[in-house]
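The structure file my_file.cif is reproduced below (mmCIF, C-alpha atoms).
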data_start
loop_
_atom_site.group_PDB
_atom_site.id
_atom_site.type_symbol
_atom_site.label_atom_id
_atom_site.label_comp_id
_atom_site.auth_asym_id
_atom_site.auth_seq_id
_atom_site.Cartn_x
_atom_site.Cartn_y
_atom_site.Cartn_z
ATOM 1 C CA MET A 1 -10.360 -15.341 15.510
ATOM 2 C CA LEU A 2 -13.674 -14.294 13.895
ATOM 3 C CA GLU A 3 -15.603 -14.708 17.165
ATOM 4 C CA LYS A 4 -18.107 -11.989 16.206
ATOM 5 C CA ILE A 5 -18.622 -12.836 12.554
ATOM 6 C CA ASP A 6 -21.830 -14.810 13.127
ATOM 7 C CA LYS A 7 -23.413 -11.949 15.058
ATOM 8 C CA VAL A 8 -23.776 -9.903 11.855
ATOM 9 C CA ASN A 9 -27.043 -10.120 9.928
ATOM 10 C CA TRP A 10 -25.328 -10.762 6.601
ATOM 11 C CA ALA A 11 -28.624 -11.323 4.765
ATOM 12 C CA GLU A 12 -29.345 -7.619 5.074
ATOM 13 C CA LEU A 13 -26.136 -6.654 3.298
ATOM 14 C CA LYS A 14 -25.373 -6.742 -0.419
ATOM 15 C CA HIS A 15 -22.292 -7.224 -2.559
ATOM 16 C CA ALA A 16 -21.951 -6.912 -6.348
ATOM 17 C CA TYR A 17 -24.255 -9.849 -7.103
ATOM 18 C CA GLY A 18 -26.688 -10.151 -4.212
ATOM 19 C CA THR A 19 -27.008 -10.762 -0.490
ATOM 20 C CA CYS A 20 -24.193 -11.950 1.734
ATOM 21 C CA GLU A 21 -25.398 -14.945 3.771
ATOM 22 C CA ASN A 22 -22.375 -17.007 2.744
ATOM 23 C CA ILE A 23 -19.719 -14.402 3.588
ATOM 24 C CA PRO A 24 -18.863 -15.933 7.014
ATOM 25 C CA ASN A 25 -18.100 -19.300 5.410
ATOM 26 C CA VAL A 26 -16.079 -17.642 2.650
ATOM 27 C CA VAL A 27 -14.001 -15.688 5.164
ATOM 28 C CA ARG A 28 -13.335 -18.835 7.221
ATOM 29 C CA ARG A 29 -12.141 -20.635 4.076
ATOM 30 C CA LEU A 30 -9.303 -18.111 3.804
ATOM 31 C CA SER A 31 -7.558 -20.051 6.582
ATOM 32 C CA HIS A 32 -8.475 -23.530 5.254
ATOM 33 C CA PRO A 33 -5.521 -25.972 5.036
ATOM 34 C CA ASP A 34 -6.342 -26.751 1.382
ATOM 35 C CA ARG A 35 -4.754 -24.164 -0.917
ATOM 36 C CA ALA A 36 -7.435 -24.607 -3.589
ATOM 37 C CA VAL A 37 -10.143 -23.799 -1.035
ATOM 38 C CA ARG A 38 -8.260 -20.665 0.047
ATOM 39 C CA GLN A 39 -7.829 -19.531 -3.535
ATOM 40 C CA GLY A 40 -11.516 -20.054 -4.235
ATOM 41 C CA ALA A 41 -12.464 -17.943 -1.221
ATOM 42 C CA LEU A 42 -10.090 -15.183 -2.259
ATOM 43 C CA SER A 43 -11.466 -15.163 -5.797
ATOM 44 C CA TYR A 44 -15.010 -14.968 -4.439
ATOM 45 C CA ILE A 45 -14.136 -11.941 -2.305
ATOM 46 C CA SER A 46 -12.346 -10.227 -5.161
ATOM 47 C CA GLU A 47 -15.225 -10.738 -7.582
ATOM 48 C CA ASN A 48 -18.076 -9.929 -5.208
ATOM 49 C CA LEU A 49 -16.629 -7.319 -2.836
ATOM 50 C CA PHE A 50 -14.239 -5.615 -5.243
ATOM 51 C CA HIS A 51 -15.879 -6.076 -8.627
ATOM 52 C CA GLN A 52 -14.257 -3.748 -11.181
ATOM 53 C CA GLY A 53 -12.409 -2.001 -8.369
ATOM 54 C CA THR A 54 -15.515 -0.770 -6.553
ATOM 55 C CA HIS A 55 -16.758 -1.144 -2.983
ATOM 56 C CA TYR A 56 -20.192 -2.232 -1.764
ATOM 57 C CA GLU A 57 -22.209 -1.808 1.402
ATOM 58 C CA VAL A 58 -20.987 -5.113 2.813
ATOM 59 C CA ASN A 59 -17.337 -4.082 2.611
ATOM 60 C CA GLU A 60 -17.276 -1.895 5.703
ATOM 61 C CA VAL A 61 -18.565 -4.859 7.693
ATOM 62 C CA ALA A 62 -16.450 -7.552 6.041
ATOM 63 C CA LEU A 63 -13.075 -5.799 5.910
ATOM 64 C CA PRO A 64 -12.391 -5.883 9.663
ATOM 65 C CA PHE A 65 -12.862 -9.667 9.580
ATOM 66 C CA LEU A 66 -10.540 -9.973 6.580
ATOM 67 C CA LEU A 67 -7.924 -8.035 8.537
ATOM 68 C CA GLU A 68 -8.373 -10.475 11.432
ATOM 69 C CA VAL A 69 -7.499 -13.365 9.128
ATOM 70 C CA ALA A 70 -4.537 -11.475 7.673
ATOM 71 C CA ALA A 71 -3.214 -10.863 11.190
ATOM 72 C CA ALA A 72 -3.694 -14.455 12.388
ATOM 73 C CA PRO A 73 -0.404 -16.423 12.452
ATOM 74 C CA GLN A 74 -2.293 -19.711 12.219
ATOM 75 C CA ALA A 75 -3.747 -18.778 8.822
ATOM 76 C CA PRO A 76 -1.573 -20.256 6.033
ATOM 77 C CA ASP A 77 -0.354 -18.448 2.925
ATOM 78 C CA ARG A 78 -1.528 -14.951 3.841
ATOM 79 C CA ILE A 79 0.389 -13.096 1.113
ATOM 80 C CA PRO A 80 -2.426 -13.290 -1.520
ATOM 81 C CA LEU A 81 -4.900 -11.925 1.036
ATOM 82 C CA TYR A 82 -2.569 -9.012 1.835
ATOM 83 C CA ARG A 83 -2.216 -8.259 -1.877
ATOM 84 C CA LEU A 84 -5.999 -8.127 -2.283
ATOM 85 C CA LEU A 85 -6.405 -5.899 0.776
ATOM 86 C CA GLN A 86 -3.700 -3.592 -0.566
ATOM 87 C CA ALA A 87 -5.642 -3.272 -3.813
ATOM 88 C CA MET A 88 -8.919 -2.669 -1.990
ATOM 89 C CA LEU A 89 -7.651 -0.140 0.527
ATOM 90 C CA GLY A 90 -4.693 1.413 -1.258
ATOM 91 C CA SER A 91 -4.051 3.984 -3.928
ATOM 92 C CA GLU A 92 -3.195 3.443 -7.571
ATOM 93 C CA ALA A 93 -0.262 5.844 -7.683
ATOM 94 C CA ILE A 94 2.883 6.853 -5.861
ATOM 95 C CA PRO A 95 2.434 10.214 -4.098
ATOM 96 C CA LYS A 96 3.345 13.205 -6.246
ATOM 97 C CA SER A 97 5.370 16.255 -5.308
ATOM 98 C CA PRO A 98 3.677 19.657 -5.684
ATOM 99 C CA ARG A 99 5.386 20.097 -9.060
ATOM 100 C CA GLN A 100 4.342 16.630 -10.212
ATOM 101 C CA ARG A 101 0.772 17.231 -9.078
ATOM 102 C CA LYS A 102 0.611 20.450 -11.065
ATOM 103 C CA GLU A 103 1.984 18.813 -14.196
ATOM 104 C CA TYR A 104 -0.317 15.823 -13.863
ATOM 105 C CA SER A 105 -3.388 18.027 -13.377
ATOM 106 C CA ALA A 106 -2.454 19.989 -16.507
ATOM 107 C CA TYR A 107 -2.120 16.729 -18.426
ATOM 108 C CA LEU A 108 -5.556 15.540 -17.299
ATOM 109 C CA ARG A 109 -7.146 18.808 -18.355
ATOM 110 C CA ARG A 110 -5.582 18.490 -21.799
ATOM 111 C CA ALA A 111 -6.269 14.789 -22.330
ATOM 112 C CA TYR A 112 -9.741 14.659 -20.732
ATOM 113 C CA SER A 113 -11.072 18.158 -21.233
ATOM 114 C CA TRP A 114 -14.668 16.924 -21.112
ATOM 115 C CA MET A 115 -14.174 16.074 -17.428
ATOM 116 C CA PHE A 116 -13.475 19.703 -16.450
ATOM 117 C CA ASP A 117 -15.456 22.930 -16.459
ATOM 118 C CA ARG A 118 -14.283 26.233 -17.949
ATOM 119 C CA ARG A 119 -12.439 27.115 -14.738
ATOM 120 C CA GLY A 120 -10.434 23.911 -14.884
ATOM 121 C CA ARG A 121 -12.270 22.267 -12.007
ATOM 122 C CA LYS A 122 -13.300 18.633 -12.287
ATOM 123 C CA LYS A 123 -17.012 18.218 -12.899
ATOM 124 C CA LYS A 124 -18.972 16.483 -10.181
ATOM 125 C CA ASP A 125 -20.376 13.080 -11.029
ATOM 126 C CA SER A 126 -23.144 11.477 -8.966
ATOM 127 C CA ASP A 127 -21.760 7.986 -9.563
ATOM 128 C CA ASP A 128 -18.285 9.045 -8.443
ATOM 129 C CA ALA A 129 -19.759 10.466 -5.255
ATOM 130 C CA HIS A 130 -21.652 7.222 -4.588
ATOM 131 C CA TRP A 131 -18.679 4.899 -5.056
ATOM 132 C CA GLY A 132 -16.375 7.324 -3.270
ATOM 133 C CA ALA A 133 -18.637 7.324 -0.218
ATOM 134 C CA LEU A 134 -18.586 3.524 -0.110
ATOM 135 C CA PHE A 135 -14.791 3.509 -0.308
ATOM 136 C CA GLU A 136 -14.606 5.991 2.561
ATOM 137 C CA LYS A 137 -16.837 3.768 4.700
ATOM 138 C CA SER A 138 -14.553 0.831 3.939
ATOM 139 C CA SER A 139 -11.446 2.855 4.786
ATOM 140 C CA ALA A 140 -12.934 4.065 8.055
ATOM 141 C CA ALA A 141 -13.951 0.553 9.116
ATOM 142 C CA ALA A 142 -10.535 -0.880 8.244
ATOM 143 C CA TRP A 143 -8.692 1.919 10.045
ATOM 144 C CA LYS A 144 -10.408 0.978 13.292
ATOM 145 C CA ARG A 145 -8.406 -2.271 13.152
ATOM 146 C CA HIS A 146 -5.065 -0.808 12.091
ATOM 147 C CA GLN A 147 -3.512 -1.797 15.419
ATOM 148 C CA LEU A 148 -3.731 -5.407 14.230
ATOM 149 C CA LEU A 149 -1.247 -4.594 11.485
ATOM 150 C CA ARG A 150 1.110 -2.804 13.851
ATOM 151 C CA GLU A 151 1.213 -5.963 15.953
ATOM 152 C CA VAL A 152 1.893 -8.079 12.856
ATOM 153 C CA ILE A 153 4.798 -5.826 11.878
ATOM 154 C CA ARG A 154 6.220 -5.968 15.412
ATOM 155 C CA SER A 155 5.946 -9.672 16.105
ATOM 156 C CA ASP A 156 4.826 -11.927 13.240
ATOM 157 C CA GLN A 157 7.374 -14.684 12.645
ATOM 158 C CA ALA A 158 7.052 -14.501 8.850
ATOM 159 C CA ALA A 159 9.171 -11.702 7.396
ATOM 160 C CA SER A 160 7.202 -11.833 4.137
ATOM 161 C CA VAL A 161 3.985 -11.172 6.043
ATOM 162 C CA ARG A 162 5.597 -8.312 7.973
ATOM 163 C CA ALA A 163 6.710 -6.695 4.705
ATOM 164 C CA GLU A 164 3.234 -6.957 3.200
ATOM 165 C CA ALA A 165 1.656 -5.627 6.398
ATOM 166 C CA VAL A 166 3.932 -2.575 6.209
ATOM 167 C CA ARG A 167 2.673 -1.711 2.752
ATOM 168 C CA LEU A 168 -0.975 -2.307 3.690
ATOM 169 C CA LEU A 169 -0.733 -0.179 6.828
ATOM 170 C CA ALA A 170 1.002 2.640 4.950
ATOM 171 C CA GLU A 171 -1.644 2.571 2.216
ATOM 172 C CA MET A 172 -4.450 2.659 4.791
ATOM 173 C CA ALA A 173 -2.806 5.551 6.601
ATOM 174 C CA ARG A 174 -2.328 7.434 3.357
ATOM 175 C CA SER A 175 -6.067 7.129 2.629
ATOM 176 C CA SER A 176 -6.917 8.216 6.173
ATOM 177 C CA LEU A 177 -4.678 11.279 6.555
ATOM 178 C CA GLY A 178 -6.838 14.219 7.544
ATOM 179 C CA ARG A 179 -10.054 12.220 7.348
ATOM 180 C CA PRO A 180 -12.713 12.320 10.108
ATOM 181 C CA TRP A 181 -12.227 8.691 11.146
ATOM 182 C CA ALA A 182 -8.513 9.108 11.923
ATOM 183 C CA LYS A 183 -7.175 10.960 14.930
ATOM 184 C CA PRO A 184 -4.900 13.929 14.078
ATOM 185 C CA GLU A 185 -1.987 12.291 15.860
ATOM 186 C CA ASP A 186 -2.348 8.874 14.168
ATOM 187 C CA ALA A 187 -0.144 9.668 11.172
ATOM 188 C CA ALA A 188 2.666 11.129 13.279
ATOM 189 C CA LYS A 189 2.632 8.051 15.528
ATOM 190 C CA LEU A 190 2.811 5.822 12.476
ATOM 191 C CA VAL A 191 5.774 7.774 11.091
ATOM 192 C CA THR A 192 7.570 7.198 14.396
ATOM 193 C CA PHE A 193 6.660 3.510 14.260
ATOM 194 C CA PHE A 194 7.966 3.002 10.705
ATOM 195 C CA ARG A 195 11.131 4.945 11.506
ATOM 196 C CA ARG A 196 11.800 2.685 14.476
ATOM 197 C CA GLN A 197 11.081 -0.544 12.572
ATOM 198 C CA ALA A 198 13.284 0.567 9.667
ATOM 199 C CA GLY A 199 16.189 0.159 12.068
ATOM 200 C CA ALA A 200 14.942 -2.608 14.333
ATOM 201 C CA ASP A 201 13.469 -5.388 12.192
ATOM 202 C CA SER A 202 15.663 -8.448 11.696
ATOM 203 C CA ASP A 203 14.922 -8.742 7.948
ATOM 204 C CA ILE A 204 16.454 -6.331 5.444
ATOM 205 C CA ALA A 205 13.397 -6.374 3.137
ATOM 206 C CA VAL A 206 11.112 -5.428 6.014
ATOM 207 C CA ARG A 207 13.447 -2.617 7.057
ATOM 208 C CA ALA A 208 13.501 -1.306 3.490
ATOM 209 C CA SER A 209 9.704 -1.623 3.309
ATOM 210 C CA CYS A 210 9.391 0.549 6.407
ATOM 211 C CA ALA A 211 11.661 3.171 4.843
ATOM 212 C CA LEU A 212 9.550 3.180 1.694
ATOM 213 C CA ALA A 213 6.370 3.421 3.772
ATOM 214 C CA LEU A 214 7.531 6.810 5.006
ATOM 215 C CA GLY A 215 7.344 7.998 1.395
ATOM 216 C CA LEU A 216 3.675 7.057 1.226
ATOM 217 C CA LEU A 217 3.124 9.252 4.302
ATOM 218 C CA ARG A 218 4.790 12.266 2.675
ATOM 219 C CA ASP A 219 1.900 14.558 3.617
ATOM 220 C CA GLU A 220 2.565 14.047 7.322
ATOM 221 C CA PRO A 221 4.862 16.940 8.395
ATOM 222 C CA THR A 222 7.171 14.698 10.428
ATOM 223 C CA ALA A 223 7.834 12.250 7.571
ATOM 224 C CA ALA A 224 10.714 14.158 5.927
ATOM 225 C CA ALA A 225 12.764 14.290 9.134
ATOM 226 C CA ALA A 226 12.071 10.605 9.773
ATOM 227 C CA VAL A 227 13.290 9.657 6.297
ATOM 228 C CA ALA A 228 16.442 11.717 6.770
ATOM 229 C CA ALA A 229 17.111 9.966 10.078
ATOM 230 C CA VAL A 230 16.647 6.504 8.553
ATOM 231 C CA PHE A 231 18.975 7.393 5.683
ATOM 232 C CA ALA A 232 21.622 8.717 8.065
ATOM 233 C CA LYS A 233 21.541 5.769 10.479
ATOM 234 C CA ALA A 234 20.970 2.780 8.163
ATOM 235 C CA LYS A 235 24.049 0.670 7.493
ATOM 236 C CA ASP A 236 22.559 -1.458 4.717
ATOM 237 C CA ILE A 237 22.760 0.035 1.239
ATOM 238 C CA ALA A 238 19.289 -1.247 0.362
ATOM 239 C CA VAL A 239 17.675 0.467 3.352
ATOM 240 C CA ARG A 240 19.557 3.698 2.645
ATOM 241 C CA THR A 241 18.413 3.551 -0.972
ATOM 242 C CA ALA A 242 14.837 2.912 0.132
ATOM 243 C CA ALA A 243 15.053 5.935 2.404
ATOM 244 C CA ALA A 244 16.431 7.987 -0.472
ATOM 245 C CA ALA A 245 13.521 6.879 -2.634
ATOM 246 C CA ALA A 246 11.096 7.887 0.098
ATOM 247 C CA TRP A 247 12.875 11.221 0.438
ATOM 248 C CA SER A 248 12.332 11.860 -3.273
ATOM 249 C CA LEU A 249 8.576 11.757 -2.630
ATOM 250 C CA MET A 250 8.676 14.546 -0.060
ATOM 251 C CA PRO A 251 7.579 18.096 -0.985
ATOM 252 C CA SER A 252 11.189 18.816 -1.976
ATOM 253 C CA ALA A 253 11.134 15.929 -4.451
ATOM 254 C CA VAL A 254 13.891 15.449 -6.999
ATOM 255 C CA PRO A 255 13.036 14.714 -10.653
ATOM 256 C CA ALA A 256 11.440 11.369 -11.411
ATOM 257 C CA GLU A 257 14.572 10.078 -13.134
ATOM 258 C CA ALA A 258 16.535 10.533 -9.925
ATOM 259 C CA SER A 259 13.858 8.539 -8.132
ATOM 260 C CA ARG A 260 14.285 5.794 -10.709
ATOM 261 C CA LEU A 261 18.002 5.675 -10.055
ATOM 262 C CA LEU A 262 17.555 5.514 -6.297
ATOM 263 C CA LEU A 263 15.171 2.587 -6.628
ATOM 264 C CA GLU A 264 17.764 0.558 -8.493
ATOM 265 C CA GLY A 265 19.221 -0.385 -5.122
ATOM 266 C CA ILE A 266 15.915 -1.895 -4.041
ATOM 267 C CA LEU A 267 14.630 -3.704 -7.104
ATOM 268 C CA ASP A 268 17.003 -6.613 -6.885
ATOM 269 C CA GLU A 269 16.011 -10.266 -7.078
ATOM 270 C CA VAL A 270 17.909 -11.065 -3.895
ATOM 271 C CA LEU A 271 16.081 -8.470 -1.825
ATOM 272 C CA ARG A 272 13.098 -10.347 -0.499
ATOM 273 C CA PRO A 273 12.122 -11.532 2.964
ATOM 274 C CA ALA A 274 14.299 -14.411 4.063
ATOM 275 C CA ASP A 275 11.323 -16.781 4.333
ATOM 276 C CA ALA A 276 9.825 -15.900 0.933
ATOM 277 C CA GLU A 277 12.004 -17.577 -1.685
ATOM 278 C CA GLU A 278 9.029 -18.573 -3.835
ATOM 279 C CA ILE A 279 7.426 -15.118 -4.088
ATOM 280 C CA PRO A 280 8.684 -11.941 -5.772
ATOM 281 C CA SER A 281 10.172 -9.158 -3.725
ATOM 282 C CA PRO A 282 7.247 -7.137 -2.319
ATOM 283 C CA LEU A 283 9.287 -4.026 -3.004
ATOM 284 C CA ALA A 284 9.750 -4.822 -6.672
ATOM 285 C CA TYR A 285 6.082 -5.832 -6.870
ATOM 286 C CA ARG A 286 5.012 -2.493 -5.428
ATOM 287 C CA TYR A 287 6.878 -0.313 -7.895
ATOM 288 C CA ALA A 288 6.381 -2.565 -10.909
ATOM 289 C CA GLU A 289 2.611 -2.543 -10.510
ATOM 290 C CA LEU A 290 2.564 1.227 -10.313
ATOM 291 C CA GLY A 291 4.257 1.458 -13.687
ATOM 292 C CA LEU A 292 7.265 3.445 -12.520
ATOM 293 C CA PRO A 293 9.582 3.611 -15.570
ATOM 294 C CA LEU A 294 12.417 1.448 -14.309
ATOM 295 C CA GLY A 295 13.513 0.063 -17.664
ATOM 296 C CA GLY A 296 14.699 3.256 -19.338
ATOM 297 C CA GLN A 297 17.963 3.300 -21.278
ATOM 298 C CA SER A 298 19.098 6.808 -20.371
ATOM 299 C CA ARG A 299 21.402 7.427 -17.461
ATOM 300 C CA PRO A 300 19.919 10.056 -15.165
ATOM 301 C CA PRO A 301 22.137 12.334 -13.083
ATOM 302 C CA LEU A 302 23.295 10.895 -9.793
ATOM 303 C CA PRO A 303 21.510 12.228 -6.693
ATOM 304 C CA PRO A 304 23.451 14.345 -4.191
ATOM 305 C CA PHE A 305 23.859 11.749 -1.445
ATOM 306 C CA SER A 306 26.961 10.162 0.028
ATOM 307 C CA THR A 307 30.032 9.093 -1.922
ATOM 308 C CA SER A 308 29.460 5.453 -1.004
ATOM 309 C CA HIS A 309 25.916 5.634 -2.326
ATOM 310 C CA ARG A 310 27.184 7.303 -5.516
ATOM 311 C CA LYS A 311 29.670 4.466 -6.095
ATOM 312 C CA PHE A 312 26.935 1.911 -5.431
ATOM 313 C CA THR A 313 24.560 3.402 -7.984
ATOM 314 C CA GLN A 314 27.370 3.652 -10.553
ATOM 315 C CA LEU A 315 28.137 -0.013 -10.006
ATOM 316 C CA ARG A 316 24.466 -0.898 -10.474
ATOM 317 C CA LEU A 317 24.306 1.007 -13.762
ATOM 318 C CA GLU A 318 27.179 -1.031 -15.189
ATOM 319 C CA TYR A 319 24.964 -4.127 -15.064
ATOM 320 C CA LEU A 320 21.797 -2.589 -16.577
#

Since I need it in another form, could you write the structure as structure tokens?
Amino acid sequence: MLEKIDKVNWAELKHAYGTCENIPNVVRRLSHPDRAVRQGALSYISENLFHQGTHYEVNEVALPFLLEVAAAPQAPDRIPLYRLLQAMLGSEAIPKSPRQRKEYSAYLRRAYSWMFDRRGRKKKDSDDAHWGALFEKSSAAAWKRHQLLREVIRSDQAASVRAEAVRLLAEMARSSLGRPWAKPEDAAKLVTFFRRQAGADSDIAVRASCALALGLLRDEPTAAAAVAAVFAKAKDIAVRTAAAAAWSLMPSAVPAEASRLLLEGILDEVLRPADAEEIPSPLAYRYAELGLPLGGQSRPPLPPFSTSHRKFTQLRLEYL
């Protein structure tokens, strides 16, 4: 692990506060046996390589090494590192259907009219272009190592790590769809991979995570059929509900309230990886942080799925 990290001339690279000579030592501390040392290294990376949510020139060089640590089974307590990588390489919102995109764009034009020209197009900003280019370089560099995450999802012994790796890989793929650094067939292969793991993994939370990941890949043409297949074949209610939630993000999306109802089957305290009793469910964490309105008092209409699923969602509503 990290065999090539000392071959980089880190002094030539900059992060938010200066040059990067100490980055190799910081990255190595992520696998230190002392938890306080690991936390200090993670805080350093967050503050210097992701200050105020932005990327810097060092990131495209450092991220592949961070992914190496995240994929290393000998590294302890990898969940916080996965969460940081998800923030750095992921999106801030659940994918929107065409209708939702249209409504959201109209809202932005009303609420932030100064950001748009008379034709309703967003004005170009030189700073946005600069930071956007740095993010793209980071995404491209990380995508070159995405096979590491596939191997983690296939074989890592920790179910909690597998679940987090699913989300990270899906977020990276979502940012890479149609971009020059990703091969045209990459997304379709990943859809096939998540579909297979949604039925094959030994842990129910990981299987549900894989079903949800298909929703993040909604712009890949094969994703809708994959979600339908997972929903049809899954025997666990939670995985079927996760597939239904992913289906609601496809171009034929149902209203947001129906999505909320479908997610009730996932956001349960007992649904977490079997080896992760001390951490929240990664599924609940994902949707809670995105601000999906899960605490509403109204009862939305039941979605048109199976009778067994209908009875399950009715039962869940009785305890809300």

>> Can you pull out the residues contacting Met115 (chain A)? Cut-off 12 Å, using all atoms listed in the file, and skip same-chain residues under 6 positions away; I want them as a ChimeraX atom specification.
In response: /A:105,108-109,121-125

> Which residue, A:Tyr44, A:Asn59, A:Leu148, A:Ile204, has the smallest gap to Trp10 (chain A) when you use all atoms listed in the file?
Replying inline: A:Asn59

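Straight-line separation from CA of His15 (chain A) to CA of Tyr56 (chain A): 5.5 Å.
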
>> Excluding Arg167 (chain A) and its own-chain neighbours fewer than 3 positions away, which residues fall within 9 Å of it when counting all atoms listed in the file? Please give them as a ChimeraX atom specification.
In response: /A:86,90,162-164,170-172,209-210,212-213,216,282,286

> How would you write as a ChimeraX atom specification the residues that get within 12 Å of (-5.7, 20.3, -15.2) in the file's frame, counting only C-alpha atoms?
Replying inline: /A:100-123

Mind dumping the selected residues with C-alpha atoms as a PDB file, in the frame of the given file?
ATOM      1  CA  GLN A 100       4.342  16.630 -10.212  1.00  0.00           C
ATOM      2  CA  ARG A 101       0.772  17.231  -9.078  1.00  0.00           C
ATOM      3  CA  LYS A 102       0.611  20.450 -11.065  1.00  0.00           C
ATOM      4  CA  GLU A 103       1.984  18.813 -14.196  1.00  0.00           C
ATOM      5  CA  TYR A 104      -0.317  15.823 -13.863  1.00  0.00           C
ATOM      6  CA  SER A 105      -3.388  18.027 -13.377  1.00  0.00           C
ATOM      7  CA  ALA A 106      -2.454  19.989 -16.507  1.00  0.00           C
ATOM      8  CA  TYR A 107      -2.120  16.729 -18.426  1.00  0.00           C
ATOM      9  CA  LEU A 108      -5.556  15.540 -17.299  1.00  0.00           C
ATOM     10  CA  ARG A 109      -7.146  18.808 -18.355  1.00  0.00           C
ATOM     11  CA  ARG A 110      -5.582  18.490 -21.799  1.00  0.00           C
ATOM     12  CA  ALA A 111      -6.269  14.789 -22.330  1.00  0.00           C
ATOM     13  CA  TYR A 112      -9.741  14.659 -20.732  1.00  0.00           C
ATOM     14  CA  SER A 113     -11.072  18.158 -21.233  1.00  0.00           C
ATOM     15  CA  TRP A 114     -14.668  16.924 -21.112  1.00  0.00           C
ATOM     16  CA  MET A 115     -14.174  16.074 -17.428  1.00  0.00           C
ATOM     17  CA  PHE A 116     -13.475  19.703 -16.450  1.00  0.00           C
ATOM     18  CA  ASP A 117     -15.456  22.930 -16.459  1.00  0.00           C
ATOM     19  CA  ARG A 118     -14.283  26.233 -17.949  1.00  0.00           C
ATOM     20  CA  ARG A 119     -12.439  27.115 -14.738  1.00  0.00           C
ATOM     21  CA  GLY A 120     -10.434  23.911 -14.884  1.00  0.00           C
ATOM     22  CA  ARG A 121     -12.270  22.267 -12.007  1.00  0.00           C
ATOM     23  CA  LYS A 122     -13.300  18.633 -12.287  1.00  0.00           C
ATOM     24  CA  LYS A 123     -17.012  18.218 -12.899  1.00  0.00           C
TER      25      LYS A 123
END

Selection: 6 Å around Ala242 (chain A), all atoms listed in the file, excl. self and same-chain fewer than 2 positions, as an mmCIF file with C-alpha atoms, in the coordinates of the input:
data_model
loop_
_atom_site.group_PDB
_atom_site.id
_atom_site.type_symbol
_atom_site.label_atom_id
_atom_site.label_comp_id
_atom_site.auth_asym_id
_atom_site.auth_seq_id
_atom_site.Cartn_x
_atom_site.Cartn_y
_atom_site.Cartn_z
ATOM 1 C CA ALA A 208 13.501 -1.306 3.490
ATOM 2 C CA ALA A 211 11.661 3.171 4.843
ATOM 3 C CA LEU A 212 9.550 3.180 1.694
ATOM 4 C CA VAL A 239 17.675 0.467 3.352
ATOM 5 C CA ARG A 240 19.557 3.698 2.645
ATOM 6 C CA ALA A 244 16.431 7.987 -0.472
ATOM 7 C CA ALA A 245 13.521 6.879 -2.634
#
